[in-house]
Amino acid sequence: MPRGKMKATEIVNGWPMRKKKDLKNTNEVLYYCIHRGRLTDCHASYCINMETGEIRVIREHFGHEPNALEAEVEKMKSELRETAKSSTESPRALYDRIASKYSAEVVERAGSLSAIKRIVSRARTVEPPRKLVKKDDDKEQVTSASFLENLLNDIT
Ligand SMILES: [Zn+2]
C-alpha cells in the first residue's frame, strides 16, 4: 500500500496495528499488524466488534514480540503523519505538540527532529501540488531521515 494511503496506527491488545477495512457482514473492523510487508512480515489479523469491542483473532502475530515501547513509538509517528495532513503548523510546532503527549523515551525513539520533519513533509506531499514543498529543506534531510527510518524499521 502506498505510504500516503496508510491508516493510523492503533494499539490493539498491546500490538501496533492498522485498520484494514470494515466487515459489514459481521459488524467488525479488520486490523492488520503494521509489520506486514516489513522485514518481519507478520500477517497477524484481528477483528474487532464495532459494538462490543470484542477481539476475534484470525491469525496471531508471528516473528516478533509484544513491545509496549515500540507500540507507542509507532502510534506517535502515525499521529504525526495524520495530524500533519490536516494542519498547517510548522513541523517544529507539530512535533512539540504531539511529543508532549508521549513519554521522553517514546519521543527519543520516534526519531530526531529532522526525521520527524521528513515524516511531516511526506505526509503533506500526498494532497497538495509538489510545488508547495520546499525542495531545499527536503534535500538536506533526505539522507539522515531515510537512514534513521531504515534503522528504526530494522530495530522494530
Ligand atoms: Zn505482528
# chains A, B, ... in the order shown; residues from 1 in each chain; ligands from 1
>>> residues_near_ligand(ligand="ligand 1", cutoff="10 Å", atoms="only C-alpha atoms and all ligand atoms", output="MDAnalysis selection string")
chainID A and resid 15:17 32:36 40:45 59:66
>>> write_last_selection(atoms="N, CA and C atoms", output="PDB file, in the first residue's frame")
ATOM      1  N   TRP A  15      -0.578  -4.547  20.656  1.00  0.00           N
ATOM      2  CA  TRP A  15       0.134  -4.646  19.374  1.00  0.00           C
ATOM      3  C   TRP A  15      -0.173  -3.438  18.505  1.00  0.00           C
ATOM      4  N   PRO A  16       0.859  -2.894  17.835  1.00  0.00           N
ATOM      5  CA  PRO A  16       0.575  -1.812  16.893  1.00  0.00           C
ATOM      6  C   PRO A  16      -0.055  -2.388  15.628  1.00  0.00           C
ATOM      7  N   MET A  17      -1.271  -1.972  15.346  1.00  0.00           N
ATOM      8  CA  MET A  17      -1.989  -2.492  14.181  1.00  0.00           C
ATOM      9  C   MET A  17      -2.698  -1.370  13.445  1.00  0.00           C
ATOM     10  N   TYR A  32      -4.782  -5.222  10.546  1.00  0.00           N
ATOM     11  CA  TYR A  32      -3.560  -5.947  10.184  1.00  0.00           C
ATOM     12  C   TYR A  32      -2.415  -5.442  11.046  1.00  0.00           C
ATOM     13  N   CYS A  33      -1.469  -6.329  11.312  1.00  0.00           N
ATOM     14  CA  CYS A  33      -0.242  -5.946  12.017  1.00  0.00           C
ATOM     15  C   CYS A  33       0.528  -4.955  11.146  1.00  0.00           C
ATOM     16  N   ILE A  34       1.151  -3.936  11.772  1.00  0.00           N
ATOM     17  CA  ILE A  34       1.910  -2.967  10.972  1.00  0.00           C
ATOM     18  C   ILE A  34       3.192  -3.582  10.401  1.00  0.00           C
ATOM     19  N   HIS A  35       3.556  -4.769  10.879  1.00  0.00           N
ATOM     20  CA  HIS A  35       4.768  -5.425  10.366  1.00  0.00           C
ATOM     21  C   HIS A  35       4.520  -6.160   9.051  1.00  0.00           C
ATOM     22  N   ARG A  36       3.296  -6.175   8.609  1.00  0.00           N
ATOM     23  CA  ARG A  36       3.001  -6.800   7.319  1.00  0.00           C
ATOM     24  C   ARG A  36       3.759  -6.042   6.232  1.00  0.00           C
ATOM     25  N   THR A  40       9.913  -8.354   9.227  1.00  0.00           N
ATOM     26  CA  THR A  40       9.308  -9.460   9.968  1.00  0.00           C
ATOM     27  C   THR A  40       8.116 -10.046   9.203  1.00  0.00           C
ATOM     28  N   ASP A  41       7.492  -9.230   8.370  1.00  0.00           N
ATOM     29  CA  ASP A  41       6.344  -9.617   7.548  1.00  0.00           C
ATOM     30  C   ASP A  41       5.320 -10.458   8.318  1.00  0.00           C
ATOM     31  N   CYS A  42       4.886  -9.929   9.448  1.00  0.00           N
ATOM     32  CA  CYS A  42       3.888 -10.605  10.273  1.00  0.00           C
ATOM     33  C   CYS A  42       2.504 -10.410   9.642  1.00  0.00           C
ATOM     34  N   HIS A  43       1.801 -11.492   9.459  1.00  0.00           N
ATOM     35  CA  HIS A  43       0.486 -11.417   8.825  1.00  0.00           C
ATOM     36  C   HIS A  43      -0.668 -11.551   9.814  1.00  0.00           C
ATOM     37  N   ALA A  44      -0.429 -11.116  11.043  1.00  0.00           N
ATOM     38  CA  ALA A  44      -1.486 -11.185  12.050  1.00  0.00           C
ATOM     39  C   ALA A  44      -2.686 -10.354  11.608  1.00  0.00           C
ATOM     40  N   SER A  45      -3.871 -10.886  11.887  1.00  0.00           N
ATOM     41  CA  SER A  45      -5.074 -10.090  11.633  1.00  0.00           C
ATOM     42  C   SER A  45      -6.096 -10.350  12.741  1.00  0.00           C
ATOM     43  N   ARG A  59      -5.544 -14.468  12.819  1.00  0.00           N
ATOM     44  CA  ARG A  59      -4.213 -15.049  12.765  1.00  0.00           C
ATOM     45  C   ARG A  59      -3.322 -14.312  13.768  1.00  0.00           C
ATOM     46  N   GLU A  60      -2.606 -15.084  14.582  1.00  0.00           N
ATOM     47  CA  GLU A  60      -1.787 -14.462  15.628  1.00  0.00           C
ATOM     48  C   GLU A  60      -0.499 -13.856  15.044  1.00  0.00           C
ATOM     49  N   HIS A  61       0.112 -13.000  15.863  1.00  0.00           N
ATOM     50  CA  HIS A  61       1.386 -12.392  15.473  1.00  0.00           C
ATOM     51  C   HIS A  61       2.458 -13.460  15.414  1.00  0.00           C
ATOM     52  N   PHE A  62       3.399 -13.257  14.518  1.00  0.00           N
ATOM     53  CA  PHE A  62       4.453 -14.230  14.326  1.00  0.00           C
ATOM     54  C   PHE A  62       5.766 -13.515  14.015  1.00  0.00           C
ATOM     55  N   GLY A  63       6.829 -13.925  14.695  1.00  0.00           N
ATOM     56  CA  GLY A  63       8.155 -13.394  14.371  1.00  0.00           C
ATOM     57  C   GLY A  63       8.538 -12.146  15.135  1.00  0.00           C
ATOM     58  N   HIS A  64       7.663 -11.657  16.011  1.00  0.00           N
ATOM     59  CA  HIS A  64       8.038 -10.531  16.863  1.00  0.00           C
ATOM     60  C   HIS A  64       7.235 -10.593  18.150  1.00  0.00           C
ATOM     61  N   GLU A  65       7.749  -9.915  19.172  1.00  0.00           N
ATOM     62  CA  GLU A  65       7.133  -9.971  20.497  1.00  0.00           C
ATOM     63  C   GLU A  65       6.361  -8.685  20.772  1.00  0.00           C
ATOM     64  N   PRO A  66       5.342  -8.752  21.633  1.00  0.00           N
ATOM     65  CA  PRO A  66       4.666  -7.507  22.002  1.00  0.00           C
ATOM     66  C   PRO A  66       5.642  -6.586  22.718  1.00  0.00           C
TER      67      PRO A  66
END
>>> select_by_dssp(residues="region 3-146 of chain A", states="alpha helix (DSSP H)", output="number ranges by chain")
A: 68-86, 91-99, 104-110, 113-125, 135-146
>>> residues_around(residues="Val29 (chain A)", least_positions_apart="5", cutoff="9 Å", atoms="only C-alpha atoms", output="list of chain:residue names")
A:Lys19, A:Lys20, A:Lys21, A:Asp22, A:Leu23, A:Lys24, A:Tyr46, A:Cys47, A:Ile48, A:Asn49, A:Met50
>>> write_last_selection(atoms="C-alpha atoms", output="short mmCIF file (atom, residue, chain, number, x, y, z; two decimals), in the first residue's frame")
data_model
loop_
_atom_site.label_atom_id
_atom_site.label_comp_id
_atom_site.auth_asym_id
_atom_site.auth_seq_id
_atom_site.Cartn_x
_atom_site.Cartn_y
_atom_site.Cartn_z
CA LYS A 19 -7.35 -0.73 10.32
CA LYS A 20 -7.73 -2.58 7.04
CA LYS A 21 -11.46 -2.44 6.41
CA ASP A 22 -14.95 -2.65 7.84
CA LEU A 23 -16.58 -6.06 7.68
CA LYS A 24 -20.23 -5.15 7.37
CA TYR A 46 -7.65 -9.32 14.29
CA CYS A 47 -11.32 -8.47 14.00
CA ILE A 48 -12.83 -6.06 16.49
CA ASN A 49 -16.58 -5.98 17.03
CA MET A 50 -17.84 -2.43 16.49
#
>>> residues_around(residues="Val107 (chain A)", least_positions_apart="6", cutoff="10 Å", atoms="only C-alpha atoms", output="NGL selection string")
:A and (72-73 or 76-77 or 95-96 or 98-101 or 113)
>>> closest_residue(among="A:Arg38, A:Arg109, A:Lys7, A:Lys85", to="Glu70 (chain A)", atoms="only C-alpha atoms")
A:Arg109
>>> atom_distance(atom1="CA of Ser78 (chain A)", atom2="CA of Glu28 (chain A)")
22.4 Å
>>> closest_residue(among="A:Ile116, A:Glu10, A:Gly37, A:Ala68", to="Ala84 (chain A)", atoms="only C-alpha atoms")
A:Ile116
>>> closest_residue(among="A:Val12, A:Glu54, A:Leu39, A:Leu94", to="Thr26 (chain A)", atoms="only C-alpha atoms")
A:Glu54
>>> atom_distance(atom1="CA of Glu89 (chain A)", atom2="CA of Ala115 (chain A)")
16.5 Å
>>> atom_distance(atom1="CA of Arg118 (chain A)", atom2="CA of Leu80 (chain A)")
10.6 Å
>>> closest_residue(among="A:Ala104, A:Met6, A:Arg124, A:Ile11", to="Glu74 (chain A)", atoms="only C-alpha atoms")
A:Ile11
